[in-house]
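Data block for structure.txt (compact mmCIF, C-alpha atoms):
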```
# COMPACT_ATOMS: atom_id res chain seq x y z
CA MET A 1374 52.33 4.60 45.31
CA GLN A 1375 51.95 7.83 43.37
CA ALA A 1376 53.69 10.13 45.84
CA ASP A 1377 55.37 10.21 49.24
CA CYS A 1378 52.88 10.27 52.10
CA MET A 1379 52.96 11.09 55.79
CA VAL A 1380 51.41 8.51 58.11
CA ALA A 1381 50.42 9.10 61.74
CA ALA A 1382 49.85 6.28 64.26
CA VAL A 1383 48.02 7.21 67.48
CA GLN A 1384 48.13 5.55 70.86
CA MET A 1385 45.31 6.78 73.05
CA ALA A 1386 43.08 5.96 75.99
CA SER A 1387 39.39 5.27 75.33
CA GLU A 1388 36.80 4.80 78.05
CA ALA A 1389 34.17 2.11 77.43
CA GLY A 1390 30.81 3.71 76.71
CA GLU A 1391 32.08 7.30 76.61
CA ILE A 1392 31.57 7.73 72.88
CA ASN A 1393 31.33 11.53 72.89
CA ARG A 1394 34.45 11.93 75.00
CA ASN A 1395 36.37 9.41 72.92
CA LEU A 1396 35.19 11.10 69.72
CA ASP A 1397 36.37 14.48 70.99
CA ASN A 1398 39.82 13.01 71.68
CA ILE A 1399 39.92 11.39 68.25
CA LEU A 1400 39.00 14.67 66.55
CA HIS A 1401 41.54 16.60 68.61
CA MET A 1402 44.37 14.20 67.75
CA THR A 1403 43.30 14.16 64.11
CA GLY A 1404 43.66 17.93 64.13
CA GLN A 1405 47.18 17.56 65.50
CA ALA A 1406 48.02 15.07 62.77
CA VAL A 1407 46.65 17.39 60.09
CA LYS A 1408 48.82 20.25 61.36
CA ALA A 1409 51.84 17.94 61.19
CA GLY A 1410 51.07 17.21 57.54
CA ALA A 1411 49.75 13.65 57.88
CA GLN A 1412 47.71 12.20 55.04
CA PHE A 1413 46.73 9.04 56.95
CA VAL A 1414 46.00 8.76 60.66
CA VAL A 1415 45.18 5.45 62.35
CA PHE A 1416 43.56 5.01 65.78
CA PRO A 1417 43.38 1.87 67.96
CA GLU A 1418 40.90 -0.99 67.85
CA MET A 1419 37.45 0.11 69.09
CA ALA A 1420 38.78 3.56 69.90
CA LEU A 1421 35.32 5.10 69.43
CA GLN A 1422 33.42 3.09 72.05
CA GLY A 1423 36.37 1.87 74.10
CA TYR A 1424 37.29 -1.80 74.10
CA THR A 1425 34.66 -3.94 75.81
CA HIS A 1426 33.14 -7.30 74.98
CA SER A 1427 30.19 -7.50 77.40
CA GLN A 1428 28.88 -4.03 76.49
CA ALA A 1429 29.79 -4.09 72.81
CA LYS A 1430 26.34 -5.11 71.54
CA ASP A 1431 24.66 -2.22 73.36
CA LEU A 1432 27.32 0.28 72.29
CA ALA A 1433 27.62 -0.81 68.66
CA VAL A 1434 26.65 1.71 65.98
CA THR A 1435 25.91 1.54 62.27
CA ALA A 1436 27.72 3.43 59.55
CA ASP A 1437 24.91 6.01 59.69
CA ASP A 1438 25.60 6.95 63.30
CA PRO A 1439 26.23 10.68 63.95
CA ALA A 1440 29.71 9.93 65.34
CA ILE A 1441 30.65 8.10 62.15
CA LYS A 1442 29.27 10.93 60.03
CA GLN A 1443 31.31 13.43 62.08
CA LEU A 1444 34.48 11.45 61.38
CA CYS A 1445 33.65 11.42 57.67
CA ARG A 1446 33.10 15.18 57.66
CA THR A 1447 36.44 15.66 59.40
CA ALA A 1448 38.20 13.54 56.79
CA LEU A 1449 36.50 15.52 54.03
CA ASN A 1450 37.22 18.94 55.52
CA SER A 1451 40.83 18.08 56.37
CA ARG A 1452 41.51 16.14 53.15
CA ILE A 1453 42.93 13.26 55.19
CA THR A 1454 42.23 9.52 55.45
CA VAL A 1455 41.15 8.62 59.00
CA LEU A 1456 41.04 5.04 60.29
CA VAL A 1457 39.10 4.60 63.55
CA GLY A 1458 38.22 1.38 65.37
CA PHE A 1459 34.61 0.88 66.40
CA ALA A 1460 32.02 -1.76 67.29
CA GLU A 1461 29.81 -1.98 64.23
CA LYS A 1462 26.14 -2.91 64.36
CA SER A 1463 24.85 -4.88 61.40
CA PHE A 1464 21.29 -6.04 60.88
CA ASP A 1465 22.57 -9.12 59.03
CA VAL A 1466 24.09 -10.76 62.12
CA PRO A 1467 23.09 -10.72 65.82
CA LYS A 1468 26.57 -9.86 67.11
CA PRO A 1469 28.55 -6.69 66.39
CA TYR A 1470 31.71 -6.65 64.32
CA ILE A 1471 35.04 -5.32 65.51
CA SER A 1472 35.51 -2.92 62.62
CA GLN A 1473 37.82 -0.19 61.43
CA LEU A 1474 36.20 2.80 59.79
CA ILE A 1475 38.11 4.16 56.81
CA ALA A 1476 36.94 7.73 56.22
CA PHE A 1477 38.31 9.09 52.93
CA PRO A 1478 39.21 12.65 51.93
CA ASP A 1479 36.24 12.77 49.54
CA GLY A 1480 33.77 12.20 52.41
CA THR A 1481 33.03 8.54 51.59
CA ALA A 1482 33.66 5.68 53.99
CA GLU A 1483 34.26 1.94 54.03
CA VAL A 1484 34.96 -0.59 56.77
CA TYR A 1485 37.24 -3.51 57.47
CA ARG A 1486 35.78 -6.18 59.76
CA LYS A 1487 38.18 -8.17 61.95
CA VAL A 1488 38.56 -11.67 60.52
CA HIS A 1489 40.57 -13.46 63.23
CA LEU A 1490 38.83 -13.07 66.59
CA GLY A 1491 40.55 -13.87 69.84
CA ARG A 1492 39.16 -16.96 71.54
CA PHE A 1493 37.10 -15.06 74.12
CA GLU A 1494 35.94 -12.55 71.48
CA LYS A 1495 34.09 -15.25 69.53
CA GLU A 1496 31.33 -15.33 72.14
CA TRP A 1497 30.62 -11.62 71.75
CA PHE A 1498 31.50 -10.64 68.19
CA ALA A 1499 30.89 -11.69 64.59
CA SER A 1500 33.94 -12.23 62.40
CA GLY A 1501 34.60 -10.65 59.03
CA SER A 1502 35.23 -12.73 55.93
CA HIS A 1503 37.02 -10.45 53.47
CA PHE A 1504 40.49 -8.99 52.96
CA PRO A 1505 39.76 -5.69 51.19
CA VAL A 1506 42.41 -3.36 49.84
CA PHE A 1507 41.59 0.35 49.72
CA ASN A 1508 43.03 3.27 47.79
CA SER A 1509 43.37 6.91 48.76
CA LYS A 1510 45.02 9.48 46.53
CA GLY A 1511 47.12 6.92 44.72
CA THR A 1512 48.19 4.90 47.75
CA SER A 1513 46.91 1.34 48.26
CA PHE A 1514 46.49 0.14 51.84
CA ALA A 1515 44.81 -2.48 53.98
CA VAL A 1516 43.86 -3.07 57.61
CA GLY A 1517 44.20 -5.95 60.06
CA ILE A 1518 43.07 -5.66 63.66
CA CYS A 1519 45.14 -6.95 66.59
CA TRP A 1520 44.86 -10.78 66.55
CA ASP A 1521 44.76 -10.72 62.74
CA TRP A 1522 48.49 -10.04 62.62
CA HIS A 1523 49.42 -13.40 64.15
CA PHE A 1524 48.49 -14.94 60.79
CA PRO A 1525 51.20 -14.14 58.23
CA GLU A 1526 49.09 -15.35 55.30
CA MET A 1527 46.93 -12.27 55.70
CA ALA A 1528 49.81 -9.86 55.12
CA GLY A 1529 50.85 -11.89 52.08
CA ILE A 1530 47.37 -11.71 50.58
CA TYR A 1531 47.27 -7.96 51.08
CA SER A 1532 50.68 -7.47 49.48
CA LEU A 1533 49.74 -9.64 46.49
CA LYS A 1534 46.57 -7.56 46.09
CA GLY A 1535 48.71 -4.45 45.84
CA ALA A 1536 48.63 -2.98 49.35
CA GLU A 1537 51.61 -0.72 50.00
CA ILE A 1538 50.78 0.19 53.61
CA LEU A 1539 49.32 -2.12 56.23
CA PHE A 1540 47.60 -0.62 59.28
CA ALA A 1541 47.51 -2.59 62.52
CA PRO A 1542 45.25 -1.09 65.23
CA HIS A 1543 45.25 -2.90 68.59
CA ALA A 1544 43.52 -2.90 71.98
CA SER A 1545 46.00 -5.09 73.85
CA LEU A 1546 46.06 -5.22 77.64
CA SER A 1547 49.25 -4.99 79.67
CA VAL A 1548 48.52 -8.43 81.11
CA SER A 1549 49.40 -9.89 77.71
CA GLY A 1550 52.79 -8.14 77.76
CA ASN A 1551 54.37 -4.93 76.54
CA ARG A 1552 53.10 -4.47 73.02
CA GLN A 1553 56.15 -2.56 71.82
CA GLU A 1554 58.39 -5.46 72.86
CA ILE A 1555 56.06 -8.15 71.50
CA TRP A 1556 55.71 -6.41 68.14
CA GLN A 1557 59.47 -6.64 67.64
CA HIS A 1558 59.10 -10.42 67.28
CA TYR A 1559 56.83 -10.35 64.26
CA MET A 1560 55.65 -6.98 62.97
CA GLY A 1561 58.95 -6.15 61.29
CA ALA A 1562 58.82 -9.56 59.61
CA ARG A 1563 55.33 -8.85 58.24
CA ALA A 1564 56.73 -5.70 56.62
CA TYR A 1565 59.98 -7.32 55.43
CA ASP A 1566 58.53 -10.52 53.97
CA ASN A 1567 55.85 -8.66 52.03
CA SER A 1568 57.69 -5.48 51.03
CA VAL A 1569 55.18 -3.15 52.69
CA TYR A 1570 55.12 -0.26 55.12
CA LEU A 1571 53.33 -1.14 58.37
CA ALA A 1572 51.87 1.21 61.00
CA ALA A 1573 50.65 -0.20 64.34
CA CYS A 1574 49.03 1.48 67.32
CA ASN A 1575 47.53 0.36 70.63
CA MET A 1576 45.30 1.60 73.41
CA CYS A 1577 47.02 3.07 76.45
CA GLY A 1578 46.03 4.01 79.99
CA LYS A 1579 43.66 2.33 82.44
CA ASP A 1580 39.88 2.02 82.09
CA ARG A 1581 37.14 2.00 84.72
CA GLN A 1582 37.32 -1.77 84.93
CA ASN A 1583 40.89 -1.32 86.17
CA ARG A 1584 42.31 -2.84 82.99
CA ARG A 1585 45.57 -1.31 81.85
CA TYR A 1586 46.66 -1.15 78.22
CA SER A 1587 50.34 -1.24 77.35
CA GLY A 1588 50.19 1.44 74.66
CA GLY A 1589 52.50 1.48 71.69
CA ALA A 1590 52.77 3.13 68.29
CA THR A 1591 55.37 2.08 65.72
CA ILE A 1592 55.87 2.45 61.98
CA TRP A 1593 58.10 0.02 60.04
CA GLY A 1594 59.70 0.30 56.63
CA PRO A 1595 59.50 -2.38 53.93
CA LYS A 1596 62.77 -3.94 55.06
CA GLY A 1597 61.50 -4.38 58.61
CA GLU A 1598 63.29 -1.35 60.02
CA VAL A 1599 61.64 0.93 62.58
CA LEU A 1600 60.94 4.34 61.06
CA ALA A 1601 59.20 5.87 64.09
CA GLN A 1602 58.27 4.69 67.58
CA SER A 1603 56.63 6.13 70.67
CA ASN A 1604 58.45 5.92 73.99
CA SER A 1605 55.50 7.35 75.93
CA ASP A 1606 52.96 5.54 78.10
CA ASP A 1607 50.41 8.30 77.48
CA SER A 1608 48.41 9.37 74.45
CA SER A 1609 50.77 10.34 71.67
CA ILE A 1610 51.28 10.32 67.91
CA VAL A 1611 54.20 9.04 65.86
CA TYR A 1612 54.83 10.12 62.28
CA ALA A 1613 56.78 8.79 59.32
CA LEU A 1614 57.16 10.08 55.79
CA LEU A 1615 56.87 7.05 53.51
CA SER A 1616 58.88 7.12 50.30
CA ALA A 1617 57.00 6.28 47.11
CA GLU A 1618 60.20 5.71 45.16
CA ARG A 1619 61.40 3.13 47.65
CA ILE A 1620 58.23 1.03 47.72
CA ASN A 1621 57.82 1.29 43.94
CA ASN A 1622 61.36 0.00 43.40
CA LEU A 1623 60.74 -2.92 45.74
CA ARG A 1624 57.39 -3.87 44.28
CA THR A 1625 58.56 -4.42 40.71
CA ARG A 1626 58.65 -8.03 39.54
CA GLU A 1627 62.05 -7.51 37.94
CA ARG A 1628 64.80 -8.00 40.48
CA LYS A 1629 67.26 -5.13 40.34
CA SER A 1630 69.40 -6.43 43.20
CA MET A 1631 69.13 -8.80 46.16
CA ARG A 1632 68.65 -5.72 48.32
CA ASP A 1633 65.58 -4.71 46.34
CA SER A 1634 63.94 -8.14 46.08
CA PHE A 1635 60.16 -8.45 46.19
CA PHE A 1636 60.16 -11.92 47.73
CA LEU A 1637 56.56 -12.77 46.91
CA ALA A 1638 57.39 -12.60 43.21
CA ASP A 1639 59.50 -15.75 43.63
CA ARG A 1640 57.12 -17.82 45.73
CA LYS A 1641 56.25 -21.43 44.77
CA LYS A 1642 52.50 -21.16 45.21
CA GLU A 1643 51.90 -24.49 43.46
CA LEU A 1644 53.57 -26.22 46.43
CA TYR A 1645 51.61 -24.46 49.18
CA HIS A 1646 48.50 -26.67 49.14
CA GLU A 1647 49.69 -28.29 52.36
CA LEU A 1648 49.19 -25.01 54.16
CA LEU A 1649 45.46 -25.36 53.56
CA GLU A 1650 45.25 -29.10 54.13
CA LEU A 1651 47.35 -29.73 57.23
CA GLU A 1652 45.98 -29.56 60.78
CA ILE A 1653 47.90 -28.80 63.96
CA GLN A 1654 49.76 -31.83 65.31
CA SER A 1655 49.16 -32.35 69.02
CA GLY A 1656 52.16 -32.66 71.31
CA LYS A 1657 53.36 -36.11 72.41
```
Any chance you could put this one into structure tokens?
Amino acid sequence: MQADCMVAAVQMASEAGEINRNLDNILHMTGQAVKAGAQFVVFPEMALQGYTHSQAKDLAVTADDPAIKQLCRTALNSRITVLVGFAEKSFDVPKPYISQLIAFPDGTAEVYRKVHLGRFEKEWFASGSHFPVFNSKGTSFAVGICWDWHFPEMAGIYSLKGAEILFAPHASLSVSGNRQEIWQHYMGARAYDNSVYLAACNMCGKDRQNRRYSGGATIWGPKGEVLAQSNSDDSSIVYALLSAERINNLRTRERKSMRDSFFLADRKKELYHELLELEIQSGK
């Protein structure tokens, strides 16, 4: 990481199908983040269209959609990296992807496509097949969406590829539990085990289908400690200034102290073939 950077994680409500309204909210909250000095701002899974599976195909847009272009112009004009969840239409597959737009400060854009789909999502969405790492102004980062983060191998791959920040947008319903509480079981471990910063955010509020989202926005440091956290049930932004010196010290191969260990440097990858070969053992 070339320099310290300010990260903003947004929890917000998005109404399914109300793209213009959702876009206005995204732009408004991006403006707030810019005023606060943020260089990265991440929004929840499918924040642009609102989370829906049955309507996703009709609501999906390509990277040339006017809403996507508006987000890219905002990133360019504000000199900020904006990460926004959306349902992405592709002419290569019949189903849309659950994607995260990454709009860069130079006006260009890329996408991450959710690799690990929830069981019910597989009927409605196509899954991604790549683990890309991006770079903005000397900071390397990567994205995983919601269900992705239940697979620790993914965070390890990103860290080994050089990612210094991991972004974790969600659209998790309250019926699955309070996301802030659930995250405490594993998100800090993803950061700690892989020596990365991690910023997660979730949808909040209730949609027209009477589904309520638990909200949540938290940023962890590379030793699994909480740097910032939202205590609000409403739309809000949390911020954390991420130290370049700290992550650079941790990510060296040479161990300076046990406190500064980059654990992945000591892994025994030649012994991990079983991870790929073994299947789940059924209960007896």
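Compared by their closest atoms to Lys1596 (chain A), and using only C-alpha atoms, the residues A:Ser1568, A:Ser1472, A:Asn1621, A:Gln1582 rank with A:Ser1568 nearest.
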Pull the closest atom pair for each residue of region 1382-1479 of chain A that gets at most 12 Å from region 1530-1539 of chain A, along with the distance in Å to one decimal, counting all atoms listed in the file, ordering rows by chain and then ascending residue number, as CSV.
```
residue,atom,partner,partner_atom,distance
A:Ala1382,CA,A:Leu1539,CA,11.6
A:Phe1413,CA,A:Ile1538,CA,10.3
A:Val1415,CA,A:Leu1539,CA,10.6
A:Leu1456,CA,A:Leu1539,CA,11.7
```
Got a sec: who's within 8 Å of region 1543-1548 of chain A, counting all atoms listed in the file, leaving out chain neighbours fewer than 3 positions off, as JSON, numbers by chain? {"A": [1417, 1418, 1419, 1424, 1518, 1519, 1551, 1552, 1573, 1574, 1575, 1576, 1584, 1585, 1586, 1587, 1588]}
Atoms to include: C-alpha atoms. Write the selected residues as a PDB file, keeping the file's coordinate frame.
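As written to disk, result13.pdb reads:
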```
ATOM      1  CA  PRO A1417      43.380   1.870  67.960  1.00  0.00           C
ATOM      2  CA  GLU A1418      40.900  -0.990  67.850  1.00  0.00           C
ATOM      3  CA  MET A1419      37.450   0.110  69.090  1.00  0.00           C
ATOM      4  CA  TYR A1424      37.290  -1.800  74.100  1.00  0.00           C
ATOM      5  CA  ILE A1518      43.070  -5.660  63.660  1.00  0.00           C
ATOM      6  CA  CYS A1519      45.140  -6.950  66.590  1.00  0.00           C
ATOM      7  CA  ASN A1551      54.370  -4.930  76.540  1.00  0.00           C
ATOM      8  CA  ARG A1552      53.100  -4.470  73.020  1.00  0.00           C
ATOM      9  CA  ALA A1573      50.650  -0.200  64.340  1.00  0.00           C
ATOM     10  CA  CYS A1574      49.030   1.480  67.320  1.00  0.00           C
ATOM     11  CA  ASN A1575      47.530   0.360  70.630  1.00  0.00           C
ATOM     12  CA  MET A1576      45.300   1.600  73.410  1.00  0.00           C
ATOM     13  CA  ARG A1584      42.310  -2.840  82.990  1.00  0.00           C
ATOM     14  CA  ARG A1585      45.570  -1.310  81.850  1.00  0.00           C
ATOM     15  CA  TYR A1586      46.660  -1.150  78.220  1.00  0.00           C
ATOM     16  CA  SER A1587      50.340  -1.240  77.350  1.00  0.00           C
ATOM     17  CA  GLY A1588      50.190   1.440  74.660  1.00  0.00           C
TER      18      GLY A1588
END
```
Ile1453 (chain A) proximity check over A:Val1611, A:Ile1620, A:Val1599, A:Cys1378, using all atoms listed in the file: winner is A:Cys1378
For Lys1495 (chain A), list every protein, DNA or RNA residue within 10 Å, evaluated using all atoms listed in the file, and leave out those in the same chain fewer than 6 positions away; present the list as JSON, numbers by chain. {"A": [1426, 1468, 1489]}
Which residue gives the smallest distance to Asp1397 (chain A) among A:Ala1541, A:Ala1613, A:Leu1644, A:Leu1444, with all atoms listed in the file counted? A:Leu1444
Protein/DNA/RNA residues near (42.7, -14.6, 61.5), cut 7 Å, all atoms listed in the file, as a short mmCIF file (atom, residue, chain, number, x, y, z; two decimals) with C-alpha atoms, in the coordinates of the input:
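Saved to selection21.cif:
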```cif
data_model
loop_
_atom_site.label_atom_id
_atom_site.label_comp_id
_atom_site.auth_asym_id
_atom_site.auth_seq_id
_atom_site.Cartn_x
_atom_site.Cartn_y
_atom_site.Cartn_z
CA VAL A 1488 38.56 -11.67 60.52
CA HIS A 1489 40.57 -13.46 63.23
CA LEU A 1490 38.83 -13.07 66.59
CA TRP A 1520 44.86 -10.78 66.55
CA ASP A 1521 44.76 -10.72 62.74
CA PHE A 1524 48.49 -14.94 60.79
#
```
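Taking CA of Met1379 (chain A) as the reference point, CA of Ile1392 (chain A) is found at 27.6 Å.
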When you look at Thr1454 (chain A) with a cut-off of 12 Å (counting all atoms listed in the file), what residues show up, excluding the ones that are within fewer than 3 positions of it in the same chain? I need them as a PyMOL selection string. chain A and resi 1378-1381+1403+1406-1407+1410-1416+1444-1451+1457+1474-1483+1507-1510+1512-1514
Next, the residues of the selection above should be written as a compact mmCIF listing (two decimals), keeping the file's coordinate frame with C-alpha atoms.
```txt
# COMPACT_ATOMS: atom_id res chain seq x y z
CA CYS A 1378 52.88 10.27 52.10
CA MET A 1379 52.96 11.09 55.79
CA VAL A 1380 51.41 8.51 58.11
CA ALA A 1381 50.42 9.10 61.74
CA THR A 1403 43.30 14.16 64.11
CA ALA A 1406 48.02 15.07 62.77
CA VAL A 1407 46.65 17.39 60.09
CA GLY A 1410 51.07 17.21 57.54
CA ALA A 1411 49.75 13.65 57.88
CA GLN A 1412 47.71 12.20 55.04
CA PHE A 1413 46.73 9.04 56.95
CA VAL A 1414 46.00 8.76 60.66
CA VAL A 1415 45.18 5.45 62.35
CA PHE A 1416 43.56 5.01 65.78
CA LEU A 1444 34.48 11.45 61.38
CA CYS A 1445 33.65 11.42 57.67
CA ARG A 1446 33.10 15.18 57.66
CA THR A 1447 36.44 15.66 59.40
CA ALA A 1448 38.20 13.54 56.79
CA LEU A 1449 36.50 15.52 54.03
CA ASN A 1450 37.22 18.94 55.52
CA SER A 1451 40.83 18.08 56.37
CA VAL A 1457 39.10 4.60 63.55
CA LEU A 1474 36.20 2.80 59.79
CA ILE A 1475 38.11 4.16 56.81
CA ALA A 1476 36.94 7.73 56.22
CA PHE A 1477 38.31 9.09 52.93
CA PRO A 1478 39.21 12.65 51.93
CA ASP A 1479 36.24 12.77 49.54
CA GLY A 1480 33.77 12.20 52.41
CA THR A 1481 33.03 8.54 51.59
CA ALA A 1482 33.66 5.68 53.99
CA GLU A 1483 34.26 1.94 54.03
CA PHE A 1507 41.59 0.35 49.72
CA ASN A 1508 43.03 3.27 47.79
CA SER A 1509 43.37 6.91 48.76
CA LYS A 1510 45.02 9.48 46.53
CA THR A 1512 48.19 4.90 47.75
CA SER A 1513 46.91 1.34 48.26
CA PHE A 1514 46.49 0.14 51.84
```
How far is it from CA of Gly1561 (chain A) to CA of Trp1522 (chain A), in Å with one decimal? 11.2 Å
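Using all atoms listed in the file for every distance, the candidate list A:Gln1428, A:Val1569, A:Leu1396, A:His1503 yields A:Leu1396 as the residue closest to Gln1443 (chain A).
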CA of Glu1391 (chain A) to CA of Ser1427 (chain A), straight-line distance in Å: 14.9 Å
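Among the candidate residues A:Ser1605, A:Asn1393, A:Gly1597, A:Phe1498, the one lying nearest to Cys1577 (chain A) is A:Ser1605, with distances computed using all atoms listed in the file.
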Excluding Ala1638 (chain A) and any residue of its chain fewer than 4 positions from it, enumerate the residues within 12 Å of it, using only C-alpha atoms, and give them as a tab-separated table (two decimals) with C-alpha atoms, in the frame of the given file.
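Once written, part.tsv looks like this:
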```tsv
chain	number	residue	atom	x	y	z
A	1529	GLY	CA	50.85	-11.89	52.08
A	1532	SER	CA	50.68	-7.47	49.48
A	1533	LEU	CA	49.74	-9.64	46.49
A	1566	ASP	CA	58.53	-10.52	53.97
A	1567	ASN	CA	55.85	-8.66	52.03
A	1568	SER	CA	57.69	-5.48	51.03
A	1623	LEU	CA	60.74	-2.92	45.74
A	1624	ARG	CA	57.39	-3.87	44.28
A	1625	THR	CA	58.56	-4.42	40.71
A	1626	ARG	CA	58.65	-8.03	39.54
A	1627	GLU	CA	62.05	-7.51	37.94
A	1628	ARG	CA	64.80	-8.00	40.48
A	1633	ASP	CA	65.58	-4.71	46.34
A	1634	SER	CA	63.94	-8.14	46.08
A	1642	LYS	CA	52.50	-21.16	45.21
```
Find the residues near Tyr1470 (chain A): any atom within 12 Å, counting only C-alpha atoms, skip ones fewer than 3 places away on the same chain, and give them as a PyMOL selection string. chain A and resi 1418-1419+1426+1429-1430+1432-1436+1458-1467+1473-1474+1484-1490+1494-1502+1518
Once 8 Å is added on each side, what are the centre and the three edge lengths, in Å to one decimal, of the axis-aligned box enclosing the listed atoms of region 1581-1594 of chain A? Present them as JSON.
```
{"center_x": 48.4, "center_y": 0.1, "center_z": 71.4, "size_x": 38.6, "size_y": 22.0, "size_z": 45.5}
```
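Minimum atom-to-atom distance to Asp1377 (chain A), evaluated using only C-alpha atoms, belongs to A:Arg1619 out of A:Lys1408, A:Arg1619, A:Arg1632, A:Arg1640.
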